[in-house]
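The next block is model_26.txt, given as compact mmCIF, C-alpha atoms.
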# COMPACT_ATOMS: atom_id res chain seq x y z
CA MET A 1 23.56 7.03 19.00
CA SER A 2 25.26 8.30 15.86
CA LYS A 3 23.21 10.17 13.31
CA HIS A 4 23.05 9.59 9.59
CA HIS A 5 23.03 12.42 7.06
CA LEU A 6 19.97 11.82 4.90
CA GLN A 7 19.23 13.33 1.50
CA LEU A 8 16.07 12.71 -0.50
CA ARG A 9 13.49 14.49 -2.60
CA ILE A 10 10.09 15.12 -1.04
CA ASN A 11 7.25 16.64 -3.03
CA GLY A 12 9.66 17.81 -5.70
CA ARG A 13 12.01 19.49 -3.23
CA ASP A 14 15.48 18.31 -2.21
CA VAL A 15 15.66 17.90 1.56
CA GLU A 16 18.24 16.67 4.00
CA GLY A 17 18.57 16.11 7.67
CA LEU A 18 20.34 14.21 10.42
CA VAL A 19 18.48 11.14 11.64
CA GLU A 20 19.12 8.33 14.03
CA PRO A 21 19.19 4.99 12.19
CA ARG A 22 15.99 3.90 13.98
CA THR A 23 13.96 6.98 12.95
CA LEU A 24 10.92 5.97 10.95
CA LEU A 25 10.21 7.76 7.68
CA VAL A 26 6.84 8.95 9.01
CA HIS A 27 8.56 10.67 11.95
CA PHE A 28 11.15 12.29 9.68
CA ILE A 29 8.37 13.59 7.43
CA ARG A 30 6.21 14.88 10.27
CA GLU A 31 8.68 16.00 12.91
CA THR A 32 11.79 17.02 10.99
CA LEU A 33 10.13 18.40 7.87
CA GLY A 34 6.88 19.58 9.45
CA LEU A 35 4.72 17.87 6.81
CA THR A 36 1.96 16.80 9.17
CA GLY A 37 -0.53 15.72 6.50
CA THR A 38 0.91 12.22 6.70
CA HIS A 39 -0.90 10.74 9.68
CA ILE A 40 0.20 8.18 12.23
CA GLY A 41 -2.77 5.97 12.84
CA CYS A 42 -1.93 2.59 14.30
CA ASP A 43 1.88 2.35 14.55
CA THR A 44 1.55 -1.26 13.38
CA SER A 45 1.29 -0.89 9.57
CA HIS A 46 -2.34 -1.98 9.51
CA CYS A 47 -4.28 1.22 8.83
CA GLY A 48 -2.48 2.96 5.95
CA ALA A 49 -2.97 6.51 7.29
CA CYS A 50 0.78 7.06 6.86
CA THR A 51 0.89 5.96 3.19
CA VAL A 52 3.29 7.88 0.98
CA ASP A 53 4.54 7.32 -2.55
CA LEU A 54 8.18 6.18 -2.48
CA ASP A 55 9.92 5.86 -5.84
CA GLY A 56 6.63 5.02 -7.56
CA LYS A 57 5.29 2.61 -4.96
CA SER A 58 2.79 3.06 -2.17
CA VAL A 59 4.43 2.40 1.19
CA LYS A 60 3.31 2.73 4.76
CA SER A 61 5.88 5.16 6.09
CA CYS A 62 5.64 3.69 9.58
CA THR A 63 7.31 0.53 8.23
CA ILE A 64 10.31 2.22 6.60
CA PHE A 65 13.32 3.67 8.34
CA ALA A 66 14.16 7.12 7.08
CA VAL A 67 17.68 5.92 6.15
CA GLN A 68 16.08 3.37 3.80
CA ALA A 69 14.68 6.30 1.81
CA GLU A 70 18.14 7.74 1.15
CA GLY A 71 18.14 9.27 -2.35
CA ALA A 72 14.48 8.40 -2.92
CA GLU A 73 11.66 10.43 -4.43
CA VAL A 74 8.80 10.72 -1.94
CA THR A 75 5.36 12.22 -2.45
CA THR A 76 3.14 12.97 0.53
CA ILE A 77 -0.39 14.36 0.58
CA GLU A 78 1.11 17.86 0.53
CA GLY A 79 2.70 17.05 -2.85
CA ILE A 80 -0.49 15.85 -4.54
CA ALA A 81 -1.94 19.31 -5.24
CA ALA A 82 -0.38 21.51 -7.93
CA PRO A 83 2.32 23.94 -6.78
CA ASP A 84 -0.16 26.81 -7.13
CA GLY A 85 -2.52 25.07 -4.71
CA THR A 86 -4.96 23.78 -7.32
CA LEU A 87 -6.45 20.57 -6.02
CA HIS A 88 -5.60 17.29 -7.72
CA ALA A 89 -8.60 15.47 -9.20
CA LEU A 90 -8.48 13.02 -6.27
CA GLN A 91 -8.65 15.80 -3.71
CA GLU A 92 -11.47 17.38 -5.66
CA GLY A 93 -13.22 14.01 -5.88
CA PHE A 94 -12.99 13.35 -2.15
CA ARG A 95 -14.53 16.79 -1.54
CA ALA A 96 -17.25 16.54 -4.17
CA MET A 97 -18.21 12.91 -3.53
CA HIS A 98 -18.01 13.11 0.27
CA GLY A 99 -15.17 10.58 0.42
CA LEU A 100 -14.19 11.60 3.92
CA GLN A 101 -15.80 12.03 7.27
CA CYS A 102 -13.32 12.39 10.11
CA GLY A 103 -10.49 12.75 7.57
CA TYR A 104 -7.93 10.72 9.46
CA CYS A 105 -7.45 8.09 6.75
CA THR A 106 -7.85 10.58 3.91
CA PRO A 107 -4.20 11.56 3.28
CA GLY A 108 -3.06 7.95 3.05
CA MET A 109 -6.13 6.98 1.06
CA ILE A 110 -5.56 9.77 -1.48
CA VAL A 111 -1.84 9.01 -1.84
CA ARG A 112 -2.63 5.31 -2.37
CA ALA A 113 -5.36 6.19 -4.88
CA TYR A 114 -2.88 8.50 -6.65
CA ARG A 115 -0.54 5.54 -7.26
CA LEU A 116 -3.46 3.27 -8.15
CA LEU A 117 -4.55 5.68 -10.89
CA GLN A 118 -0.96 5.90 -12.15
CA GLU A 119 -0.92 2.11 -12.49
CA ASN A 120 -4.49 1.76 -13.77
CA PRO A 121 -6.04 4.98 -15.13
CA ASN A 122 -9.50 3.45 -15.53
CA PRO A 123 -10.06 0.98 -12.68
CA THR A 124 -13.30 -0.88 -12.10
CA GLU A 125 -15.02 -0.66 -8.74
CA ALA A 126 -13.57 -4.04 -7.79
CA GLU A 127 -10.06 -2.92 -8.79
CA ILE A 128 -10.43 0.23 -6.70
CA ARG A 129 -11.61 -1.74 -3.68
CA TYR A 130 -8.70 -4.17 -4.09
CA GLY A 131 -6.26 -1.32 -4.66
CA ILE A 132 -7.16 0.49 -1.45
CA ALA A 133 -7.54 -2.66 0.65
CA GLY A 134 -4.45 -1.79 2.72
CA ASN A 135 -5.98 1.51 3.83
CA LEU A 136 -8.63 1.34 6.51
CA CYS A 137 -11.45 3.79 7.12
CA ARG A 138 -13.58 3.56 10.22
CA CYS A 139 -16.22 6.07 9.14
CA THR A 140 -17.45 5.85 5.56
CA GLY A 141 -18.08 2.25 4.62
CA TYR A 142 -15.89 2.93 1.55
CA GLN A 143 -18.73 3.60 -0.92
CA ASN A 144 -18.03 7.33 -1.10
CA ILE A 145 -14.29 6.71 -1.19
CA VAL A 146 -14.75 4.45 -4.22
CA ARG A 147 -17.00 7.08 -5.85
CA SER A 148 -14.35 9.73 -5.16
CA ILE A 149 -11.70 7.68 -6.94
CA GLN A 150 -14.05 6.95 -9.84
CA TYR A 151 -14.75 10.69 -10.10
CA ALA A 152 -11.02 11.43 -10.20
CA ALA A 153 -10.35 8.72 -12.78
CA ALA A 154 -13.04 10.16 -15.05
CA LYS A 155 -11.70 13.69 -14.66
CA LEU A 156 -8.09 12.62 -15.31
CA ASN A 157 -9.28 10.71 -18.41
CA GLY A 158 -11.17 13.78 -19.66
CA VAL A 159 -14.60 12.16 -19.53
CA PRO A 160 -17.62 13.13 -17.49
CA TYR A 161 -18.19 11.25 -14.26
CA VAL A 162 -21.29 9.11 -14.49
CA GLU A 163 -22.38 7.45 -11.29
CA ALA A 164 -23.08 3.77 -11.69
CA ALA A 165 -26.61 2.60 -11.03
CA GLU A 166 -26.96 0.56 -7.87

Show me the file's structure as structure tokens.
Amino acid sequence: MSKHHLQLRINGRDVEGLVEPRTLLVHFIRETLGLTGTHIGCDTSHCGACTVDLDGKSVKSCTIFAVQAEGAEVTTIEGIAAPDGTLHALQEGFRAMHGLQCGYCTPGMIVRAYRLLQENPNPTEAEIRYGIAGNLCRCTGYQNIVRSIQYAAAKLNGVPYVEAAE
């Protein structure tokens, strides 16, 4: 099978590689580039563990061929933190608010939440739950994930996080 020369920008860095036309973006990211933070969970586009930000939209990278990302700007979980390694408010929130247990869904969940907060900097609990509905977690029951995103939203908006009364 012939290979396609692919050029795109991942996490602020120009990258290129040779890929077969049937290579999925998730495999290019993980196997060719060695960015293994993007997880492969279900291989059927249901779980969202492979979510990346592609040209300003959350996509499940197991549903996109790498050649479809030609010339695109992609952000993976590795690109969420600052270049000096300082955690993004979402990463900090997931740590502080116990938004993860096994951690398998966490990269996709954080990348989806990153885009959600770009689109809506101050989401309600219902908007957060709707916004992450395409990302499944088998461990947490979502309450701590929602709290983690609320924590990050508050921090990004420069206000103190106040936990809502139940």

In terms of the shortest atom-to-atom distance over all atoms listed in the file, which of A:Ile64, A:Ala89, A:Ile149, A:Leu24 is closest to A:Glu163?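 Checking each of A:Ile64, A:Ala89, A:Ile149, A:Leu24 against A:Glu163, counting all atoms listed in the file, the winner is A:Ile149.
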
Would you mind reading off the distance between atom CA of A:Gly48 and atom CA of A:Met109, one decimal, in Å? 7.3 Å

Residue neighbourhood stretch 130-141 of chain A, 6 Å, all atoms listed in the file, exclusion window fewer than 3 positions, as a list in words: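 Non-adjacent residues within range: Cys47, Gly48, Cys105 and Glu127 of chain A.
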
Residue list as a PyMOL selection string for point (13.4, 10.4, -2.6), cut-off 9 Å, all atoms listed in the file: chain A and resi 7-12+14-15+54-55+69-75

So, with all atoms listed in the file as the atoms that count, which of A:Gln101, A:Thr86, A:Ser45, A:Ser58 lies closest to A:Gln118?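 Between A:Gln101, A:Thr86, A:Ser45, A:Ser58, the residue approaching A:Gln118 most closely is A:Ser58.
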
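In terms of minimum interatomic distance to A:Phe65, A:Leu25 ranks closest within A:Leu116, A:Leu25, A:Ile145, A:Leu100, counting only C-alpha atoms.
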
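The gap separating atom CA of A:Val67 from atom CA of A:Pro21 is 6.3 Å, in Å to one decimal.
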
I'd like to know which of A:Ala164, A:Ala154, A:Cys102, A:Leu90 is closest to A:Arg115, using only C-alpha atoms.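 Of A:Ala164, A:Ala154, A:Cys102, A:Leu90, the one nearest A:Arg115 is A:Leu90, counting only C-alpha atoms.
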
Between atom CA of A:Ile77 and atom CA of A:Gly37, measure the distance and give it in Å to one decimal.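 Between atom CA of A:Ile77 and atom CA of A:Gly37 the gap is 6.1 Å.
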
List the spatial neighbours of A:Tyr104 as a PyMOL selection string - criterion: any atom at most 9 Å away, only C-alpha atoms, same-chain residues fewer than 5 positions off excluded. chain A and resi 39-41+49+137

List the neighbours of A:Val111 out to 7 Å using only C-alpha atoms; skip same-chain residues closer than 4 positions along the sequence, and give me the result as JSON, numbers by chain. {"A": [51, 52, 53, 76, 77, 107, 115]}

My list of candidates is A:Arg112, A:His88, A:Lys60, A:Arg147. Which is closest to A:His27 when distances are computed with only C-alpha atoms?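 Ranking A:Arg112, A:His88, A:Lys60, A:Arg147 by distance to A:His27, first place goes to A:Lys60.
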
Emit as lines of an AutoDock Vina configuration file the padded axis-aligned box for all listed atoms of stretch 146-156 of chain A, 5 Å per side, with centre and edge lengths in Å to one decimal.
center_x = -12.5
center_y = 9.1
center_z = -9.8
size_x = 18.9
size_y = 19.2
size_z = 21.1

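Each of A:Ala82, A:Cys42, A:Val146, A:Ala66 was compared to A:Ile29 using all atoms listed in the file, and A:Ala66 turns out to be the nearest.
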
With N, CA and C atoms as the goal, would you fill in the gaps in stretch 125-138 of chain A and present it as an mmCIF file, keeping the file's coordinate frame?
data_model
loop_
_atom_site.group_PDB
_atom_site.id
_atom_site.type_symbol
_atom_site.label_atom_id
_atom_site.label_comp_id
_atom_site.auth_asym_id
_atom_site.auth_seq_id
_atom_site.Cartn_x
_atom_site.Cartn_y
_atom_site.Cartn_z
ATOM 1 N N GLU A 125 -14.745 -0.777 -10.167
ATOM 2 C CA GLU A 125 -15.020 -0.660 -8.740
ATOM 3 C C GLU A 125 -14.264 -1.735 -7.957
ATOM 4 N N ALA A 126 -14.274 -2.950 -8.473
ATOM 5 C CA ALA A 126 -13.570 -4.040 -7.790
ATOM 6 C C ALA A 126 -12.066 -3.771 -7.725
ATOM 7 N N GLU A 127 -11.493 -3.227 -8.784
ATOM 8 C CA GLU A 127 -10.060 -2.920 -8.790
ATOM 9 C C GLU A 127 -9.736 -1.800 -7.811
ATOM 10 N N ILE A 128 -10.637 -0.840 -7.683
ATOM 11 C CA ILE A 128 -10.430 0.230 -6.700
ATOM 12 C C ILE A 128 -10.475 -0.350 -5.299
ATOM 13 N N ARG A 129 -11.478 -1.151 -5.019
ATOM 14 C CA ARG A 129 -11.610 -1.740 -3.680
ATOM 15 C C ARG A 129 -10.385 -2.598 -3.341
ATOM 16 N N TYR A 130 -9.911 -3.368 -4.301
ATOM 17 C CA TYR A 130 -8.700 -4.170 -4.090
ATOM 18 C C TYR A 130 -7.493 -3.264 -3.895
ATOM 19 N N GLY A 131 -7.406 -2.218 -4.700
ATOM 20 C CA GLY A 131 -6.260 -1.320 -4.660
ATOM 21 C C GLY A 131 -6.117 -0.535 -3.378
ATOM 22 N N ILE A 132 -7.220 -0.260 -2.708
ATOM 23 C CA ILE A 132 -7.160 0.490 -1.450
ATOM 24 C C ILE A 132 -7.332 -0.409 -0.226
ATOM 25 N N ALA A 133 -7.279 -1.706 -0.434
ATOM 26 C CA ALA A 133 -7.540 -2.660 0.650
ATOM 27 C C ALA A 133 -6.587 -2.491 1.840
ATOM 28 N N GLY A 134 -5.409 -1.974 1.635
ATOM 29 C CA GLY A 134 -4.450 -1.790 2.720
ATOM 30 C C GLY A 134 -4.653 -0.502 3.495
ATOM 31 N N ASN A 135 -5.678 0.261 3.137
ATOM 32 C CA ASN A 135 -5.980 1.510 3.830
ATOM 33 C C ASN A 135 -7.355 1.379 4.475
ATOM 34 N N LEU A 136 -7.381 1.530 5.775
ATOM 35 C CA LEU A 136 -8.630 1.340 6.510
ATOM 36 C C LEU A 136 -9.301 2.664 6.832
ATOM 37 N N CYS A 137 -10.627 2.642 6.740
ATOM 38 C CA CYS A 137 -11.450 3.790 7.120
ATOM 39 C C CYS A 137 -12.480 3.284 8.112
ATOM 40 N N ARG A 138 -12.629 3.987 9.200
ATOM 41 C CA ARG A 138 -13.580 3.560 10.220
ATOM 42 C C ARG A 138 -14.915 4.276 10.093
#
